[in-house]
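For reference, the structure is listed below as structure tokens.
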Amino acid sequence: MQNGGGVEEWCGWVAAWVESEAFARAGRYVMAFVGLYVLFFYVIGPTLRRRLWRPSRARLAGKVAIVTGASRGVGKGIALGLGEAGATVYVTGRTLDEGSSALPGTISETAETVTELGGEGIAVQCDHGNDVDVQKLVQRVIREKGRIDVLVNNAFAAPEDGTKTSQPFWEQKWNYWDVSHRVGLRSHYVASCLVAEQMVKQKSGLIVNVSSVGGSRYLFNVAYGVGKAAGERMAADMARMVKTERFLSKREVLANKYKVDVTRGGESAIYSGRAVAALAQDKGMIKQTGRMLNVADLAWEHGFTDIDGRQPAQMYSLRFLLENAFYYALYRLRGPRRY
């Protein structure tokens, strides 16, 4: 009886408080706070950023960067983002001239665009599955420029034997694992080792691994996901070794929506480039070394926008959740798929 009476008394107190003027006043304060929050972070803030932010042509003047796998896609976008900030960018890949690949884009075209944007673009044909090629690349950059300030590990390869990315792993040829990891993972390690040696001498530098959501959940196939997850762990472990030296930052930049053109729900590839450019000039970057950083989060932190002036929502922010609620509900209604 005593327990029941206590509950009834507590419920009565709650009911009386809900009906009181104090509760109504608290509700008004909360609504006012929410309204101001939405107004500032989703209306005024983005508008000011779009109006005030302009790419600076001199932020990275004199800095030297290497972007691997930059013939097309996110690699090309990162090279352009560094170029518009004034950096010298060595653009690498296997496709030097048009027609030598079934896919569109070449490193020569990317290098030319980098120069047009205010940087210096230098195309270097390099097979990142060949350690000798990578070693020659790094030696050339040091010989010509005397330093390396930024390395972006983006190169990736898939077998050209007709193996489908979406096939179950037991139907894929075993060499899918070898080809994708030799270029998409091992080459990142080799390039990082070679470049880190120079950065140690400089006492400065930034190495960025381009990752995707495949590192944390299923995407495409088993080999792809394992490679991305391993790349993230590699960044974290390398960061542990270099953090004590206070000169080198090793990071994962999550670029999971790297469309070349701006489309609904995605970002342009150059958006990732502006993220890397922002990291390269961040004097406090050592504080975040080894962490996985989302491009949208970096945009809010550093104030840059996409090429159309938009600033997509931060991952897992209220705005992001609201914008993606419909797609998540649709995904749940579709039920489990085969893979």
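Labeling convention for the structure tokens: chains A, B, ... as they appear, residues from 1 per chain, ligands from 1 in order of appearance.
Around range 150-159 of chain A, within 7 Å and counting only C-alpha atoms, the residues found are Val64, Ala65, Ile66, Val67, Thr68, Gly69, Gly75, Thr163, Tyr176, Val179, Ser180, Val183, Gly184, His188, Gly205, Leu206, Ile207, Val208, Asn209 and Val210 of chain A, once anything fewer than 4 positions away on its own chain is removed.
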Would you mind exporting the chosen residues as an mmCIF file, in the first residue's frame, restricted to C-alpha atoms?
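Dumped everything to again-v5.cif:
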data_model
loop_
_atom_site.group_PDB
_atom_site.id
_atom_site.type_symbol
_atom_site.label_atom_id
_atom_site.label_comp_id
_atom_site.auth_asym_id
_atom_site.auth_seq_id
_atom_site.Cartn_x
_atom_site.Cartn_y
_atom_site.Cartn_z
ATOM 1 C CA VAL A 64 53.851 19.958 -53.049
ATOM 2 C CA ALA A 65 51.269 17.176 -53.188
ATOM 3 C CA ILE A 66 50.983 13.712 -54.710
ATOM 4 C CA VAL A 67 47.503 12.411 -55.528
ATOM 5 C CA THR A 68 47.405 8.777 -56.651
ATOM 6 C CA GLY A 69 44.728 7.432 -58.950
ATOM 7 C CA GLY A 75 41.126 11.316 -57.024
ATOM 8 C CA THR A 163 34.591 -10.440 -62.728
ATOM 9 C CA TYR A 176 39.928 -10.176 -57.180
ATOM 10 C CA VAL A 179 44.409 -7.197 -57.476
ATOM 11 C CA SER A 180 42.244 -4.898 -55.348
ATOM 12 C CA VAL A 183 46.767 -1.442 -55.451
ATOM 13 C CA GLY A 184 44.051 -0.364 -53.024
ATOM 14 C CA HIS A 188 49.065 2.841 -49.934
ATOM 15 C CA GLY A 205 53.574 16.612 -43.798
ATOM 16 C CA LEU A 206 50.114 15.161 -44.270
ATOM 17 C CA ILE A 207 49.194 11.693 -45.520
ATOM 18 C CA VAL A 208 45.548 11.028 -46.353
ATOM 19 C CA ASN A 209 43.925 7.692 -47.150
ATOM 20 C CA VAL A 210 40.630 7.942 -49.004
#
Find the residues around Cys126 in chain A up to 8 Å (only C-alpha atoms counted), leave out those fewer than 4 positions away in its own chain, and share them as JSON, numbers by chain.
-> {"A": [92, 93, 94, 133, 134, 137]}
Could you turn the residues from that selection into a file that holds N, CA and C atoms, as a compact mmCIF listing (two decimals), in the first residue's frame?
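The resulting file, again.txt, is shown below:
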# COMPACT_ATOMS: atom_id res chain seq x y z
N THR A 92 48.93 11.18 -60.53
CA THR A 92 49.41 9.88 -60.98
C THR A 92 48.27 8.95 -61.37
N GLY A 93 48.61 7.97 -62.20
CA GLY A 93 47.66 6.98 -62.67
C GLY A 93 48.24 6.29 -63.89
N ARG A 94 47.49 5.33 -64.42
CA ARG A 94 47.98 4.60 -65.58
C ARG A 94 47.54 5.22 -66.91
N ASP A 133 57.80 1.57 -59.79
CA ASP A 133 57.16 2.78 -60.32
C ASP A 133 56.90 3.80 -59.21
N VAL A 134 56.40 3.30 -58.09
CA VAL A 134 56.09 4.19 -56.96
C VAL A 134 57.36 4.81 -56.41
N LEU A 137 58.54 7.51 -58.68
CA LEU A 137 57.68 8.68 -58.54
C LEU A 137 58.13 9.56 -57.38
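You will find CA of Gln167 in chain A at 24.5 Å from CA of Arg72 in chain A.
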Those of range 95-305 of chain A in DSSP strand (DSSP E or B), formatted as a ChimeraX atom specification = /A:120-125,150-153,206-211,249-254,258-259,267-268,292-294
Go ahead and save the residues from that selection, with N, CA, C and O atoms, as a short mmCIF file (atom, residue, chain, number, x, y, z; two decimals), in the first residue's frame.
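And here's again02.cif as it stands now:
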data_model
loop_
_atom_site.label_atom_id
_atom_site.label_comp_id
_atom_site.auth_asym_id
_atom_site.auth_seq_id
_atom_site.Cartn_x
_atom_site.Cartn_y
_atom_site.Cartn_z
N GLU A 120 49.87 24.06 -59.97
CA GLU A 120 50.77 23.53 -61.00
C GLU A 120 50.52 22.03 -61.09
O GLU A 120 50.80 21.29 -60.14
N GLY A 121 49.95 21.59 -62.20
CA GLY A 121 49.65 20.18 -62.37
C GLY A 121 50.72 19.47 -63.16
O GLY A 121 51.14 19.95 -64.22
N ILE A 122 51.20 18.35 -62.64
CA ILE A 122 52.24 17.56 -63.30
C ILE A 122 51.76 16.11 -63.39
O ILE A 122 51.54 15.46 -62.36
N ALA A 123 51.56 15.63 -64.60
CA ALA A 123 51.07 14.27 -64.81
C ALA A 123 52.24 13.28 -64.83
O ALA A 123 53.22 13.50 -65.54
N VAL A 124 52.13 12.22 -64.05
CA VAL A 124 53.16 11.19 -64.00
C VAL A 124 52.49 9.82 -64.14
O VAL A 124 51.71 9.42 -63.28
N GLN A 125 52.79 9.14 -65.23
CA GLN A 125 52.22 7.81 -65.42
C GLN A 125 52.86 6.84 -64.45
O GLN A 125 54.08 6.73 -64.37
N VAL A 150 52.06 16.78 -49.02
CA VAL A 150 50.80 16.04 -48.94
C VAL A 150 50.88 14.80 -49.82
O VAL A 150 51.33 14.87 -50.97
N LEU A 151 50.45 13.67 -49.27
CA LEU A 151 50.27 12.45 -50.05
C LEU A 151 48.83 12.00 -49.88
O LEU A 151 48.36 11.84 -48.74
N VAL A 152 48.13 11.82 -50.98
CA VAL A 152 46.75 11.31 -50.94
C VAL A 152 46.73 9.93 -51.59
O VAL A 152 46.95 9.80 -52.80
N ASN A 153 46.51 8.91 -50.77
CA ASN A 153 46.43 7.53 -51.26
C ASN A 153 44.99 7.25 -51.71
O ASN A 153 44.10 7.05 -50.89
N LEU A 206 51.45 15.71 -44.44
CA LEU A 206 50.11 15.16 -44.27
C LEU A 206 49.92 14.00 -45.23
O LEU A 206 50.15 14.13 -46.43
N ILE A 207 49.52 12.86 -44.70
CA ILE A 207 49.19 11.69 -45.52
C ILE A 207 47.72 11.39 -45.31
O ILE A 207 47.25 11.28 -44.18
N VAL A 208 46.99 11.26 -46.41
CA VAL A 208 45.55 11.03 -46.35
C VAL A 208 45.21 9.75 -47.11
O VAL A 208 45.61 9.59 -48.27
N ASN A 209 44.48 8.86 -46.48
CA ASN A 209 43.92 7.69 -47.15
C ASN A 209 42.46 7.96 -47.43
O ASN A 209 41.72 8.34 -46.53
N VAL A 210 42.04 7.76 -48.66
CA VAL A 210 40.63 7.94 -49.00
C VAL A 210 39.89 6.65 -48.71
O VAL A 210 40.21 5.60 -49.25
N SER A 211 38.90 6.73 -47.86
CA SER A 211 38.13 5.56 -47.47
C SER A 211 36.69 5.71 -47.95
O SER A 211 36.37 6.62 -48.73
N SER A 249 50.72 13.89 -39.70
CA SER A 249 49.33 13.51 -39.45
C SER A 249 48.90 12.48 -40.47
O SER A 249 49.06 12.67 -41.67
N LYS A 250 48.35 11.36 -39.99
CA LYS A 250 47.91 10.29 -40.89
C LYS A 250 46.42 10.12 -40.68
O LYS A 250 45.95 9.77 -39.61
N ARG A 251 45.63 10.36 -41.71
CA ARG A 251 44.19 10.39 -41.53
C ARG A 251 43.45 9.61 -42.59
O ARG A 251 43.91 9.42 -43.70
N GLU A 252 42.24 9.21 -42.22
CA GLU A 252 41.29 8.66 -43.18
C GLU A 252 40.26 9.74 -43.49
O GLU A 252 39.68 10.31 -42.57
N VAL A 253 40.05 10.04 -44.73
CA VAL A 253 38.98 10.96 -45.11
C VAL A 253 37.87 10.14 -45.75
O VAL A 253 38.06 9.51 -46.78
N LEU A 254 36.73 10.13 -45.10
CA LEU A 254 35.60 9.36 -45.60
C LEU A 254 34.94 10.13 -46.74
O LEU A 254 34.41 11.21 -46.55
N TYR A 258 31.25 10.38 -53.82
CA TYR A 258 32.15 11.13 -54.68
C TYR A 258 31.69 11.09 -56.13
O TYR A 258 32.25 10.44 -56.98
N LYS A 259 30.59 11.80 -56.42
CA LYS A 259 30.11 11.93 -57.79
C LYS A 259 30.87 13.06 -58.47
O LYS A 259 31.16 14.08 -57.86
N GLU A 267 27.71 14.74 -53.47
CA GLU A 267 28.60 15.90 -53.56
C GLU A 267 29.50 15.74 -54.77
O GLU A 267 29.67 14.65 -55.30
N SER A 268 30.08 16.83 -55.20
CA SER A 268 31.04 16.76 -56.30
C SER A 268 32.35 16.19 -55.78
O SER A 268 32.63 16.24 -54.58
N MET A 292 39.12 8.83 -38.49
CA MET A 292 38.37 8.86 -39.73
C MET A 292 37.52 10.12 -39.73
O MET A 292 36.72 10.34 -38.83
N LEU A 293 37.71 10.97 -40.72
CA LEU A 293 37.04 12.26 -40.78
C LEU A 293 36.11 12.31 -41.98
O LEU A 293 36.49 11.95 -43.10
N ASN A 294 34.88 12.74 -41.76
CA ASN A 294 33.90 12.85 -42.83
C ASN A 294 34.03 14.21 -43.51
O ASN A 294 34.23 15.23 -42.86
#
Find, counting only C-alpha atoms, the residue in A:Ile107, A:Val114, A:Leu185, A:Leu96 that gets nearest to Arg233 in chain A.
-> A:Leu185
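Summary of the local environment: counting only C-alpha atoms, residues at most 8 Å from Leu82 in chain A, other than itself and those fewer than 2 positions away along its chain, are Leu60, Ala65, Ile78, Ala79, Leu80, Glu84, Ala85, Gly86, Ala87, Thr88, Val89, Val114, Gly119, Gly273, Arg274, Val276 and Ala277 of chain A.
Nearest to Tyr90 in chain A of all the residues A:Val132, A:Ala235, A:Ile142, A:Val74 is A:Ile142, counting only C-alpha atoms.
Using only C-alpha atoms, the smallest distance between any of A:Val226, A:Met238, A:Ala269, A:Ile307 and Arg291 in chain A comes from A:Met238.
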Atom pair CA of Arg240 in chain A / CA of Val91 in chain A: separation (Å) = 28.5 Å
